[in-house]
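Asker: The following file, upload_21.cif, comprises mmCIF, C-alpha atoms:
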data_work
#
loop_
_atom_site.label_atom_id
_atom_site.label_comp_id
_atom_site.auth_asym_id
_atom_site.auth_seq_id
_atom_site.Cartn_x
_atom_site.Cartn_y
_atom_site.Cartn_z
CA MET A 1 76.48 4.64 50.62
CA ILE A 2 73.41 2.76 49.20
CA PRO A 3 74.01 -0.99 48.99
CA ARG A 4 74.13 -2.39 45.44
CA GLN A 5 71.32 -4.97 46.05
CA LEU A 6 68.96 -2.22 47.24
CA PHE A 7 69.71 -0.14 44.18
CA ILE A 8 68.96 -3.08 41.83
CA ALA A 9 65.77 -4.00 43.73
CA THR A 10 64.51 -0.41 43.54
CA GLY A 11 65.18 -0.33 39.78
CA VAL A 12 63.33 -3.64 39.23
CA LEU A 13 60.35 -2.45 41.31
CA LEU A 14 60.26 0.80 39.33
CA LEU A 15 60.21 -1.11 36.03
CA VAL A 16 57.40 -3.37 37.29
CA ALA A 17 55.38 -0.32 38.40
CA ILE A 18 55.77 1.31 34.97
CA GLY A 19 54.81 -1.94 33.23
CA MET A 20 51.73 -2.36 35.44
CA SER A 21 50.66 1.23 34.77
CA PHE A 22 50.96 0.70 31.01
CA TYR A 23 48.97 -2.55 31.24
CA LEU A 24 46.22 -0.83 33.26
CA TRP A 25 46.07 2.05 30.79
CA ARG A 26 45.64 -0.45 27.91
CA LEU A 27 42.90 -2.31 29.80
CA ARG A 28 41.03 0.93 30.49
CA SER A 29 41.25 2.04 26.87
CA SER A 30 39.89 -1.25 25.55
CA GLU A 31 37.06 -1.20 28.10
CA ILE A 32 36.02 2.31 27.00
CA GLN A 33 36.10 1.17 23.37
CA ASN A 34 33.90 -1.85 24.17
CA GLN A 35 31.34 0.38 25.88
CA ASN A 36 31.00 2.58 22.79
CA THR A 37 30.51 -0.32 20.39
CA PRO A 38 26.79 -1.23 19.95
CA VAL A 39 25.88 -4.68 21.10
CA VAL A 40 25.01 -6.84 18.12
CA THR A 41 23.25 -10.04 19.01
CA GLN A 42 24.95 -12.89 17.26
CA HIS A 43 23.06 -16.11 17.16
CA VAL A 44 25.71 -18.78 17.39
CA ALA A 45 25.21 -22.45 17.11
CA PRO A 46 25.12 -24.45 20.34
CA PRO A 47 28.48 -25.85 21.55
CA GLY A 48 27.66 -29.30 20.21
CA GLY A 49 27.51 -27.77 16.69
CA SER A 50 24.00 -29.16 16.04
CA VAL A 51 22.59 -27.04 13.24
CA GLU A 52 20.03 -27.73 10.54
CA GLN A 53 19.72 -26.44 7.02
CA VAL A 54 16.50 -24.60 6.21
CA THR A 55 15.30 -22.69 3.18
CA VAL A 56 14.45 -19.02 3.61
CA TRP A 57 12.79 -16.66 1.14
CA VAL A 58 15.07 -13.67 0.61
CA ALA A 59 13.93 -10.34 -0.84
CA TYR A 60 16.08 -8.76 -3.55
CA ASP A 61 15.43 -5.04 -3.92
CA GLY A 62 17.45 -4.75 -7.13
CA SER A 63 15.21 -7.07 -9.11
CA GLY A 64 12.13 -6.72 -6.90
CA THR A 65 11.96 -10.49 -6.50
CA LEU A 66 12.06 -13.24 -3.86
CA ARG A 67 14.64 -16.01 -4.07
CA THR A 68 15.10 -19.08 -1.91
CA GLN A 69 18.38 -19.56 -0.08
CA PRO A 70 19.59 -22.26 2.34
CA VAL A 71 20.78 -21.09 5.77
CA SER A 72 21.93 -22.91 8.89
CA ILE A 73 20.06 -22.40 12.14
CA PRO A 74 20.53 -24.03 15.55
CA ILE A 75 18.39 -27.11 16.03
CA SER A 76 15.63 -26.30 18.50
CA SER A 77 13.54 -28.74 20.45
CA GLY A 78 10.32 -26.69 20.42
CA ARG A 79 8.27 -25.59 17.42
CA GLN A 80 8.04 -22.03 18.71
CA ARG A 81 11.81 -21.77 19.35
CA ARG A 82 12.45 -23.08 15.84
CA ALA A 83 10.17 -20.38 14.38
CA VAL A 84 12.19 -17.68 16.18
CA GLU A 85 15.52 -19.11 14.99
CA LEU A 86 14.23 -19.32 11.42
CA LEU A 87 13.28 -15.66 11.29
CA ARG A 88 16.44 -14.57 13.10
CA GLY A 89 18.42 -16.42 10.44
CA LEU A 90 16.53 -14.49 7.77
CA VAL A 91 16.95 -11.10 9.46
CA GLU A 92 20.70 -11.71 9.84
CA LEU A 93 20.90 -11.87 6.04
CA TYR A 94 19.19 -8.47 5.85
CA THR A 95 21.41 -6.83 8.48
CA ALA A 96 24.63 -8.18 6.92
CA LYS A 97 26.94 -6.12 4.73
CA ASN A 98 25.94 -6.07 1.04
CA SER A 99 22.43 -7.15 2.03
CA PRO A 100 20.05 -7.60 -0.93
CA HIS A 101 17.28 -5.96 1.16
CA PRO A 102 18.96 -3.67 3.71
CA VAL A 103 17.47 -2.95 7.12
CA LYS A 104 19.01 -1.34 10.24
CA ALA A 105 21.82 -3.29 11.92
CA THR A 106 19.79 -3.42 15.13
CA ALA A 107 16.75 -5.00 13.44
CA GLU A 108 15.60 -8.19 15.11
CA ILE A 109 12.75 -10.57 15.79
CA HIS A 110 11.58 -10.24 19.39
CA ASP A 111 9.50 -13.40 19.45
CA VAL A 112 7.12 -15.64 17.55
CA PHE A 113 3.97 -16.98 19.19
CA LEU A 114 2.30 -20.03 17.65
CA ILE A 115 -1.34 -20.01 18.64
CA ASP A 116 -3.55 -22.89 17.61
CA PRO A 117 -5.35 -23.36 15.35
CA GLY A 118 -2.90 -22.17 12.71
CA LEU A 119 -2.25 -18.60 13.86
CA ALA A 120 1.29 -17.24 14.25
CA VAL A 121 2.03 -13.83 15.77
CA ILE A 122 5.44 -12.38 14.91
CA ASP A 123 6.75 -9.58 17.12
CA VAL A 124 9.50 -7.56 15.41
CA ASN A 125 11.37 -4.53 16.73
CA SER A 126 10.84 -1.05 15.34
CA ALA A 127 14.36 -0.97 13.86
CA LEU A 128 13.31 -3.64 11.37
CA VAL A 129 10.36 -1.52 10.29
CA ASP A 130 11.85 1.97 10.42
CA GLY A 131 15.05 1.01 8.63
CA GLN A 132 13.18 -0.52 5.75
CA VAL A 133 12.83 1.16 2.33
CA SER A 134 9.34 2.68 2.12
CA GLY A 135 7.24 1.68 -0.88
CA VAL A 136 4.54 -0.78 -1.93
CA LEU A 137 6.88 -3.32 -3.54
CA ALA A 138 9.66 -2.96 -0.93
CA GLU A 139 7.28 -3.54 1.97
CA GLU A 140 5.45 -6.32 0.16
CA LEU A 141 8.79 -8.10 -0.30
CA THR A 142 9.53 -7.84 3.44
CA ILE A 143 6.12 -9.16 4.49
CA CYS A 144 6.16 -11.96 1.94
CA SER A 145 9.72 -12.97 2.79
CA ILE A 146 9.02 -13.22 6.53
CA ILE A 147 5.66 -14.99 6.30
CA GLN A 148 6.64 -17.38 3.51
CA THR A 149 9.84 -18.37 5.34
CA LEU A 150 7.82 -19.14 8.44
CA ALA A 151 4.94 -20.88 6.70
CA ALA A 152 7.18 -23.06 4.53
CA ASN A 153 9.15 -24.34 7.52
CA ILE A 154 6.45 -24.54 10.19
CA PRO A 155 3.63 -26.74 8.88
CA GLY A 156 0.02 -26.05 9.78
CA LEU A 157 0.03 -22.25 9.72
CA THR A 158 -2.97 -20.61 8.09
CA ARG A 159 -2.77 -16.99 9.33
CA VAL A 160 0.08 -14.73 10.39
CA LYS A 161 -0.12 -11.44 12.26
CA ILE A 162 2.80 -9.02 12.59
CA LEU A 163 3.27 -6.78 15.65
CA VAL A 164 5.91 -4.08 16.11
CA ASP A 165 7.40 -3.89 19.62
CA GLY A 166 4.41 -5.86 20.88
CA LYS A 167 1.85 -3.42 19.49
CA GLU A 168 -0.45 -3.31 16.50
CA ARG A 169 0.61 -0.93 13.76
CA GLU A 170 -1.37 0.31 10.76
CA THR A 171 1.33 -0.12 8.13
CA LEU A 172 4.86 -1.51 7.90
CA ALA A 173 6.56 1.66 6.61
CA GLY A 174 3.66 3.67 5.22
CA HIS A 175 2.26 1.20 2.68
CA ALA A 176 1.84 -2.51 3.49
CA ASP A 177 -1.18 -3.11 5.71
CA LEU A 178 -0.45 -4.56 9.16
CA SER A 179 -3.90 -4.02 10.65
CA GLY A 180 -5.10 -7.60 10.10
CA ALA A 181 -3.73 -11.13 9.89
CA TYR A 182 -2.33 -12.37 6.59
CA ASP A 183 -3.75 -15.44 4.93
CA VAL A 184 -0.91 -17.92 4.34
CA GLY A 185 -2.49 -19.23 1.12
CA GLN A 186 -2.51 -15.75 -0.41
CA ILE A 187 1.09 -15.10 0.69
CA THR A 188 2.22 -18.40 -0.86
CA GLU A 189 0.54 -17.36 -4.12
CA LEU A 190 2.19 -13.92 -3.93
CA ALA A 191 5.59 -15.53 -3.20
CA LYS A 192 5.23 -17.58 -6.40
CA GLN A 193 4.49 -14.43 -8.40
CA LEU A 194 7.36 -12.49 -6.80
CA SER A 195 9.76 -15.41 -7.44
CA SER A 196 8.82 -15.82 -11.07
CA GLN A 197 8.97 -12.19 -12.23
CA MET B 1 -64.66 43.20 -9.15
CA ARG B 2 -68.16 42.66 -8.08
CA TRP B 3 -70.00 40.06 -10.14
CA ASN B 4 -73.54 40.76 -11.23
CA ARG B 5 -76.01 39.39 -13.70
CA ASP B 6 -75.21 42.11 -16.26
CA ALA B 7 -71.56 41.17 -16.32
CA ALA B 8 -72.40 37.64 -17.47
CA ARG B 9 -74.19 39.09 -20.43
CA ASN B 10 -71.20 41.28 -21.39
CA PRO B 11 -69.26 39.54 -24.28
CA TYR B 12 -66.00 41.13 -23.07
CA TYR B 13 -66.25 39.48 -19.62
CA VAL B 14 -67.07 36.10 -21.17
CA LEU B 15 -64.01 36.35 -23.43
CA VAL B 16 -61.72 37.14 -20.47
CA LEU B 17 -63.20 34.27 -18.47
CA PHE B 18 -62.61 31.68 -21.21
CA GLY B 19 -59.12 33.03 -21.92
CA THR B 20 -58.08 32.67 -18.25
CA LEU B 21 -59.49 29.13 -18.17
CA ALA B 22 -57.55 28.17 -21.29
CA ILE B 23 -54.27 29.52 -19.88
CA CYS B 24 -54.77 27.64 -16.58
CA LEU B 25 -55.46 24.36 -18.38
CA GLY B 26 -52.37 24.84 -20.56
CA GLN B 27 -50.10 25.21 -17.54
CA ASN B 28 -51.51 22.27 -15.63
CA PRO B 29 -49.68 19.11 -16.61
CA SER B 30 -52.60 16.93 -15.68
CA ALA B 31 -54.64 18.65 -18.38
CA GLN B 32 -52.21 17.26 -21.00
CA ILE B 33 -52.08 13.67 -19.79
CA ALA B 34 -53.12 11.20 -22.41
CA PRO B 35 -55.59 8.49 -21.39
CA GLY B 36 -53.79 5.62 -19.66
CA GLN B 37 -50.65 7.69 -18.89
CA THR B 38 -49.61 7.88 -15.23
CA VAL B 39 -47.74 10.63 -13.44
CA ASN B 40 -45.85 10.38 -10.19
CA PRO B 41 -47.21 13.28 -8.16
CA ALA B 42 -44.27 13.05 -5.70
CA ALA B 43 -41.56 13.50 -8.32
CA PRO B 44 -39.88 16.84 -7.62
CA LEU B 45 -38.73 19.06 -10.42
CA GLN B 46 -34.92 19.15 -10.06
CA PRO B 47 -32.11 20.27 -12.34
CA ALA B 48 -30.27 17.37 -14.00
CA ALA B 49 -27.36 16.16 -11.80
CA PRO B 50 -23.92 16.21 -13.43
CA ALA B 51 -22.79 12.77 -14.58
CA PRO B 52 -20.29 11.19 -12.13
CA ALA B 53 -16.67 11.04 -13.29
CA LEU B 54 -15.71 7.76 -14.87
CA VAL B 55 -12.30 7.60 -13.18
CA MET B 56 -11.34 8.75 -9.68
CA ILE B 57 -7.62 9.45 -9.23
CA ASP B 58 -6.18 9.33 -5.71
CA ALA B 59 -2.74 10.85 -5.12
CA ALA B 60 -1.47 8.77 -2.19
CA HIS B 61 -0.18 10.36 1.04
CA GLY B 62 -0.29 14.15 1.56
CA GLY B 63 -0.14 16.74 4.33
CA SER B 64 1.47 15.42 7.50
CA GLU B 65 1.97 12.03 5.87
CA PRO B 66 4.75 12.47 3.28
CA GLY B 67 5.08 8.83 2.23
CA ALA B 68 8.52 7.63 1.13
CA LEU B 69 11.36 10.13 0.93
CA LEU B 70 12.45 9.35 -2.61
CA ASN B 71 15.41 11.61 -1.98
CA PRO B 72 15.77 14.37 0.63
CA ALA B 73 14.19 16.88 -1.76
CA ILE B 74 11.42 14.72 -3.21
CA PRO B 75 8.71 13.39 -0.87
CA GLU B 76 6.38 10.82 -2.39
CA LYS B 77 3.29 12.96 -1.65
CA ASP B 78 4.44 15.68 -4.08
CA VAL B 79 5.27 13.25 -6.86
CA THR B 80 1.91 11.48 -6.60
CA LEU B 81 0.04 14.80 -6.69
CA THR B 82 1.88 15.90 -9.84
CA PHE B 83 1.19 12.57 -11.54
CA ALA B 84 -2.50 12.73 -10.51
CA ARG B 85 -3.01 16.20 -12.00
CA ARG B 86 -1.21 15.26 -15.20
CA LEU B 87 -3.19 12.02 -15.56
CA ARG B 88 -6.43 13.98 -15.15
CA GLN B 89 -5.36 16.29 -18.00
CA GLU B 90 -4.37 13.40 -20.24
CA LEU B 91 -7.67 11.60 -19.62
CA ALA B 92 -9.64 14.77 -20.34
CA ALA B 93 -7.76 15.15 -23.63
CA ARG B 94 -9.01 11.66 -24.56
CA GLY B 95 -12.61 12.37 -23.59
CA VAL B 96 -12.53 10.39 -20.34
CA SER B 97 -14.01 12.24 -17.37
CA SER B 98 -12.00 12.01 -14.17
CA THR B 99 -11.69 13.63 -10.79
CA VAL B 100 -8.93 13.76 -8.17
CA ILE B 101 -9.53 13.03 -4.50
CA ARG B 102 -6.67 15.28 -3.37
CA ASP B 103 -5.79 18.39 -5.38
CA ASN B 104 -3.63 20.01 -2.67
CA ASP B 105 -1.41 19.06 0.26
CA ALA B 106 -4.30 17.80 2.39
CA THR B 107 -3.99 15.02 4.96
CA LEU B 108 -6.51 12.26 4.29
CA THR B 109 -6.70 8.89 6.01
CA THR B 110 -7.16 5.76 3.92
CA ASP B 111 -10.66 5.39 5.41
CA GLN B 112 -11.58 8.91 4.28
CA ARG B 113 -10.33 8.16 0.77
CA ALA B 114 -12.42 4.98 0.67
CA GLU B 115 -15.48 6.87 1.91
CA ILE B 116 -15.11 9.46 -0.87
CA ALA B 117 -14.69 6.79 -3.53
CA ASN B 118 -17.60 4.68 -2.24
CA ALA B 119 -19.89 7.72 -2.17
CA ALA B 120 -18.98 8.78 -5.73
CA ARG B 121 -19.03 5.20 -7.13
CA PRO B 122 -16.71 5.84 -10.10
CA ALA B 123 -16.26 3.12 -12.71
CA LEU B 124 -12.58 2.96 -11.76
CA TYR B 125 -10.59 4.08 -8.70
CA VAL B 126 -6.85 4.58 -9.34
CA CYS B 127 -4.47 5.18 -6.42
CA LEU B 128 -1.05 6.55 -7.40
CA HIS B 129 2.19 5.81 -5.52
CA ALA B 130 5.84 6.48 -6.37
CA SER B 131 8.98 4.58 -5.42
CA SER B 132 12.71 4.58 -5.96
CA LEU B 133 12.78 0.78 -6.00
CA GLY B 134 12.62 -1.24 -9.21
CA THR B 135 11.89 0.11 -12.63
CA GLY B 136 8.79 1.25 -14.56
CA MET B 137 5.26 0.69 -13.28
CA ARG B 138 3.63 -1.82 -10.95
CA ILE B 139 -0.14 -2.25 -11.17
CA TYR B 140 -1.75 -3.69 -8.06
CA THR B 141 -5.13 -5.08 -7.09
CA ALA B 142 -6.29 -5.77 -3.53
CA MET B 143 -4.96 -8.93 -1.92
CA ILE B 144 -8.35 -10.43 -1.12
CA PRO B 145 -10.22 -13.21 -2.91
CA ALA B 146 -13.02 -12.32 -5.34
CA ALA B 147 -16.44 -12.64 -3.70
CA GLY B 148 -14.85 -13.86 -0.49
CA GLY B 149 -16.02 -11.02 1.72
CA ASP B 150 -18.55 -11.25 4.49
CA ASN B 151 -21.22 -9.28 2.61
CA ARG B 152 -24.90 -9.60 3.61
CA GLY B 153 -27.23 -8.34 0.89
CA PRO B 154 -26.93 -4.57 0.63
CA PHE B 155 -24.54 -4.47 3.61
CA VAL B 156 -20.92 -4.67 2.46
CA ASN B 157 -18.21 -5.57 4.94
CA TRP B 158 -15.84 -2.61 5.14
CA ALA B 159 -12.70 -4.76 5.47
CA THR B 160 -13.50 -6.81 2.35
CA ALA B 161 -15.63 -4.37 0.33
CA GLN B 162 -13.42 -4.82 -2.74
CA SER B 163 -14.38 -8.50 -3.05
CA VAL B 164 -17.61 -7.50 -4.85
CA ALA B 165 -15.60 -5.75 -7.59
CA LYS B 166 -12.44 -7.87 -7.55
CA THR B 167 -13.16 -9.73 -10.81
CA ARG B 168 -13.60 -6.45 -12.65
CA SER B 169 -10.49 -4.96 -10.99
CA LEU B 170 -8.42 -7.95 -12.15
CA TRP B 171 -9.72 -7.53 -15.71
CA ILE B 172 -8.83 -3.82 -15.68
CA GLN B 173 -5.37 -4.59 -14.25
CA GLN B 174 -4.76 -7.12 -17.01
CA GLN B 175 -5.96 -4.76 -19.77
CA ILE B 176 -3.86 -1.83 -18.59
CA THR B 177 -0.77 -4.00 -18.06
CA THR B 178 -1.04 -5.45 -21.57
CA ALA B 179 -1.56 -2.02 -23.14
CA ILE B 180 1.47 -0.54 -21.36
CA ARG B 181 3.64 -3.58 -22.08
CA ASN B 182 2.79 -3.21 -25.77
CA ASN B 183 4.42 0.23 -25.57
CA ARG B 184 7.63 -1.53 -24.42
CA PHE B 185 7.42 0.16 -21.03
CA PRO B 186 8.46 -2.02 -18.04
CA VAL B 187 5.34 -3.02 -16.11
CA ARG B 188 4.37 -5.72 -13.60
CA SER B 189 1.01 -6.72 -12.20
CA LEU B 190 0.70 -8.02 -8.65
CA PRO B 191 -1.71 -8.20 -5.73
CA ALA B 192 -0.78 -5.98 -2.78
CA PRO B 193 -1.78 -5.67 0.88
CA LEU B 194 -2.41 -1.96 0.39
CA ARG B 195 -5.14 0.17 1.89
CA PRO B 196 -7.61 1.56 0.94
CA LEU B 197 -7.95 -0.93 -1.94
CA ASN B 198 -9.70 -3.52 0.28
CA ASN B 199 -12.31 -0.96 1.42
CA ILE B 200 -13.45 0.24 -2.00
CA ALA B 201 -16.62 -1.30 -3.37
CA THR B 202 -15.98 -0.35 -7.01
CA PRO B 203 -13.21 -1.56 -9.35
CA ALA B 204 -9.93 -0.35 -7.87
CA ILE B 205 -6.26 -0.53 -8.74
CA ALA B 206 -3.08 1.06 -7.36
CA ILE B 207 -0.18 2.08 -9.56
CA GLU B 208 3.35 2.47 -8.22
CA ILE B 209 5.59 4.47 -10.52
CA ALA B 210 9.37 4.03 -10.38
CA PRO B 211 12.10 5.56 -12.53
CA THR B 212 13.49 3.62 -15.50
CA THR B 213 16.99 4.89 -14.82
CA GLU B 214 19.27 4.79 -11.77
CA SER B 215 18.34 8.38 -10.89
CA VAL B 216 15.22 8.84 -8.78
CA SER B 217 15.03 12.48 -9.91
CA GLN B 218 13.55 11.13 -13.16
CA LEU B 219 10.24 10.96 -11.26
CA ALA B 220 10.27 14.76 -11.03
CA SER B 221 11.06 15.22 -14.72
CA THR B 222 8.23 16.65 -16.83
CA ASP B 223 9.10 14.47 -19.82
CA TYR B 224 8.95 11.28 -17.77
CA GLN B 225 5.68 12.29 -16.08
CA GLN B 226 4.20 13.09 -19.47
CA MET B 227 5.27 9.75 -20.93
CA VAL B 228 3.91 7.72 -18.00
CA CYS B 229 0.59 9.58 -17.81
CA SER B 230 0.13 9.46 -21.56
CA ALA B 231 0.66 5.68 -21.58
CA LEU B 232 -1.74 5.26 -18.65
CA ALA B 233 -4.38 7.54 -20.19
CA ASN B 234 -4.20 5.63 -23.49
CA ALA B 235 -4.68 2.34 -21.66
CA ILE B 236 -7.64 3.64 -19.63
CA ALA B 237 -9.24 5.35 -22.64
CA ALA B 238 -9.07 2.05 -24.55
CA ILE B 239 -11.24 0.34 -21.91
CA ALA B 240 -13.47 3.37 -21.24
CA PRO B 241 -16.43 1.97 -23.28
CA ALA B 242 -16.38 -1.19 -21.13
CA LEU B 243 -16.10 0.92 -17.97
CA ARG B 244 -19.16 2.97 -18.98
CA THR B 245 -21.36 -0.07 -19.54
CA LYS B 246 -20.72 -1.51 -16.06
CA VAL B 247 -21.81 -4.94 -17.29
CA PRO B 248 -20.21 -7.93 -15.55
CA ILE B 249 -16.91 -8.90 -17.14
CA GLN B 250 -16.22 -12.62 -17.53
#
Re-express the file's structure as structure tokens.
Answerer:
Amino acid sequence: MIPRQLFIATGVLLLVAIGMSFYLWRLRSSEIQNQNTPVVTQHVAPPGGSVEQVTVWVAYDGSGTLRTQPVSIPISSGRQRRAVELLRGLVELYTAKNSPHPVKATAEIHDVFLIDPGLAVIDVNSALVDGQVSGVLAEELTICSIIQTLAANIPGLTRVKILVDGKERETLAGHADLSGAYDVGQITELAKQLSSQ
Amino acid sequence: MRWNRDAARNPYYVLVLFGTLAICLGQNPSAQIAPGQTVNPAAPLQPAAPAPALVMIDAAHGGSEPGALLNPAIPEKDVTLTFARRLRQELAARGVSSTVIRDNDATLTTDQRAEIANAARPALYVCLHASSLGTGMRIYTAMIPAAGGDNRGPFVNWATAQSVAKTRSLWIQQQITTAIRNNRFPVRSLPAPLRPLNNIATPAIAIEIAPTTESVSQLASTDYQQMVCSALANAIAAIAPALRTKVPIQ
């Protein structure tokens, strides 16, 4: 005859084994789900919570205009790092749900290089360009929004060049010229016109 | 015929001789030159060349470059070509001569388009685009300052060729915008970083046509195309006398 204690111990061990199996199955399922979800880079504020308010120029496709909007970005020590954070803050508005100027969710700013005297080179990824609505006004809004946001918050810029995945490209999405550097004075004038109409 | 002394005395021979001389003198232009008049001996006799078209219409995109997909069935290249042909007809009906750069589904680079326009030197270059964004028409000029290009005498910098004609382009943009606005049609005028506008050394504008309703298929509607091209042709015909004179516009 099997002793009673042994019978109880076997039952408890069996229950633990079933529980462990269920837990492992849940862990595996959630891991598979995480692997299938695309990685979206979220730019969070540093742990200290030090953020600053900046004004960005946001394109609105519906009205074909530019509007200013305050956003919070992490405070950066360097000028170049601040330029990157500024544009990432702007692109996050465009990748968000109900965006006024939709682009692909994976659109991002690779880097911004500030080269003296007064030249900035912005390197964007191809998702930002390919996911953009093609057209003269739509592309003009994108260019103006990016350059004006940068120029208004980083003093001393006179020219801005845009690269796609580190390379020169002829046009943004078939219309707006990317072959040369943009004059900041002309973009500021264009931003005024696009804001007022 | 062998000439001899008797022949000179024959009145018939003398008559033929004088007649031939008179005909030769009549055909020789130098025989009819008045005293003091000069003639350029090197000037070739050529048939009169046809007058260049006043307006050159460029249907943007084409061939392997479809432009924007306005909807899956309507590529921008087809819409611009239809508008270009219709605008040509409307201008002709108003007595304004025009030509189109692309009259089929050909692939042309922006540099090739600029080369064609710069060789023909029309009084106005009009590039047509279409878009699903916004409403009505947008009239663009090149985004470069007037007379700011690096031009040296007869040599015009390719990248800033439009600077020599920018003042006139701005005047044309303003005139066409006002004329279309007077017809209560939605229209905006803006500068645009759009090629080949910068590379064209004559007055140049680009026009982006959008629907006035929510439906982008309006761009393919004959009625809408007719209305837009008619309004544009009226506006261009109104400034045609100024375009023909080619005098500087202040």
Asker: Please measure the separation of CA of Ile239 (chain B) and CA of Ala53 (chain B), giving the value in Å to one decimal.
Answerer: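 About the pair CA of Ile239 (chain B) and CA of Ala53 (chain B): they are 14.8 Å apart.
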Asker: Could you tell me which residues of chain B sit within 7 Å of chain A when counting only C-alpha atoms, and give me the result as a list in words?
Answerer: Gly67, Ala68, Ser131, Leu133, Gly134, Ala192, Pro193, Leu194 and Arg195 of chain B
Asker: Rounded to one decimal, what separation in Å do you get between CA of Arg244 (chain B) and CA of Ala210 (chain B)?
Answerer: 29.8 Å
Asker: If I take CA of Leu70 (chain B) and CA of Ser221 (chain B), how far is one from the other in Å, to one decimal?
Answerer: 13.5 Å
Asker: Written as a count of residues only, what is the full residue list that the PyMOL selection byres ((chain A and resi 59) around 12) yields on the file shown?
Answerer: 40
Asker: With the file shown as input, list the residues that the PyMOL selection byres ((chain B and resi 91) around 10) selects, as a VMD selection string.
Answerer: chain B and resid 55 86 to 90 92 to 99 229 to 230 232 to 237
Asker: Would you output that residue set with C-alpha atoms, as a compact mmCIF listing (two decimals), in the coordinates of the input?
Answerer:
# COMPACT_ATOMS: atom_id res chain seq x y z
CA VAL B 55 -12.30 7.60 -13.18
CA ARG B 86 -1.21 15.26 -15.20
CA LEU B 87 -3.19 12.02 -15.56
CA ARG B 88 -6.43 13.98 -15.15
CA GLN B 89 -5.36 16.29 -18.00
CA GLU B 90 -4.37 13.40 -20.24
CA ALA B 92 -9.64 14.77 -20.34
CA ALA B 93 -7.76 15.15 -23.63
CA ARG B 94 -9.01 11.66 -24.56
CA GLY B 95 -12.61 12.37 -23.59
CA VAL B 96 -12.53 10.39 -20.34
CA SER B 97 -14.01 12.24 -17.37
CA SER B 98 -12.00 12.01 -14.17
CA THR B 99 -11.69 13.63 -10.79
CA CYS B 229 0.59 9.58 -17.81
CA SER B 230 0.13 9.46 -21.56
CA LEU B 232 -1.74 5.26 -18.65
CA ALA B 233 -4.38 7.54 -20.19
CA ASN B 234 -4.20 5.63 -23.49
CA ALA B 235 -4.68 2.34 -21.66
CA ILE B 236 -7.64 3.64 -19.63
CA ALA B 237 -9.24 5.35 -22.64
Asker: Go through A:Pro70, A:Ala96, A:Gly156, A:Ala127 and flag the residue nearest Glu108 (chain A), using only C-alpha atoms for the distances.
Answerer: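 Among the listed residues, the smallest separation from Glu108 (chain A) belongs to A:Ala127.
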Asker: Assuming the chain letters and numbering stay as they are in my file, what does the PyMOL selection byres ((chain A and resi 75) around 8) actually select? List them as number ranges by chain.
Answerer: A: 50-52, 73-74, 76-77, 82
Asker: Between A:Asn125, A:Ser21, A:Ser30, A:Asn153, which is the closest to Leu86 (chain A) once you count all atoms listed in the file?
Answerer: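 Closest candidate: A:Asn153.
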Asker: Which is closest to Trp171 (chain B) among B:Thr82, B:Asn183, B:Thr141, B:Thr213, if we use all atoms listed in the file?
Answerer: B:Thr141
Asker: Show me, as JSON, the centre and edge lengths in Å to one decimal of the axis-aligned box that covers every listed atom of region 227-244 of chain B with 6 Å on each side.
Answerer:
{"center_x": -6.9, "center_y": 4.3, "center_z": -21.2, "size_x": 36.4, "size_y": 22.9, "size_z": 18.7}
Asker: Between B:Leu69, B:Gln226, B:Pro75, B:Ile172, which has the minimum distance to Val126 (chain B) (counting all atoms listed in the file)?
Answerer: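 Smallest distance to Val126 (chain B) is found for B:Ile172.
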Asker: Applying 9 Å and all atoms listed in the file, which residues near Ser217 (chain B) remain after dropping the ones on its own chain fewer than 3 positions away? List them as a list in words.
Answerer: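 My list of contacting residues is Leu70, Asn71, Ile74, Pro211, Glu214, Ala220 and Ser221 of chain B.
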Asker: I want to know what sits within 7 Å of Ala130 (chain B), based on only C-alpha atoms, with residues of the same chain fewer than 5 positions away left out; could you give that as a PyMOL selection string?
Answerer: chain B and resi 76+79-80+208-210
Asker: Env of Phe83 (chain B): 8 Å cut, atoms = all atoms listed in the file, seq-sep filter 6 positions within chain, self excluded. Answer as an MDAnalysis selection string.
Answerer: chainID B and resid 59 128 225 229
Asker: My list of candidates is B:Pro241, B:Pro186, B:Pro52, B:Pro154. Which is closest to Ala117 (chain B) when distances are computed with all atoms listed in the file?
Answerer: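 Closest residue, counting all atoms listed in the file: B:Pro52.
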Asker: Which of these, B:Val164, B:Asn199, B:Asn118, B:Gln112, has the shortest distance to Asn151 (chain B) once you count all atoms listed in the file?
Answerer: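 Between B:Val164, B:Asn199, B:Asn118, B:Gln112, the residue approaching Asn151 (chain B) most closely is B:Val164.
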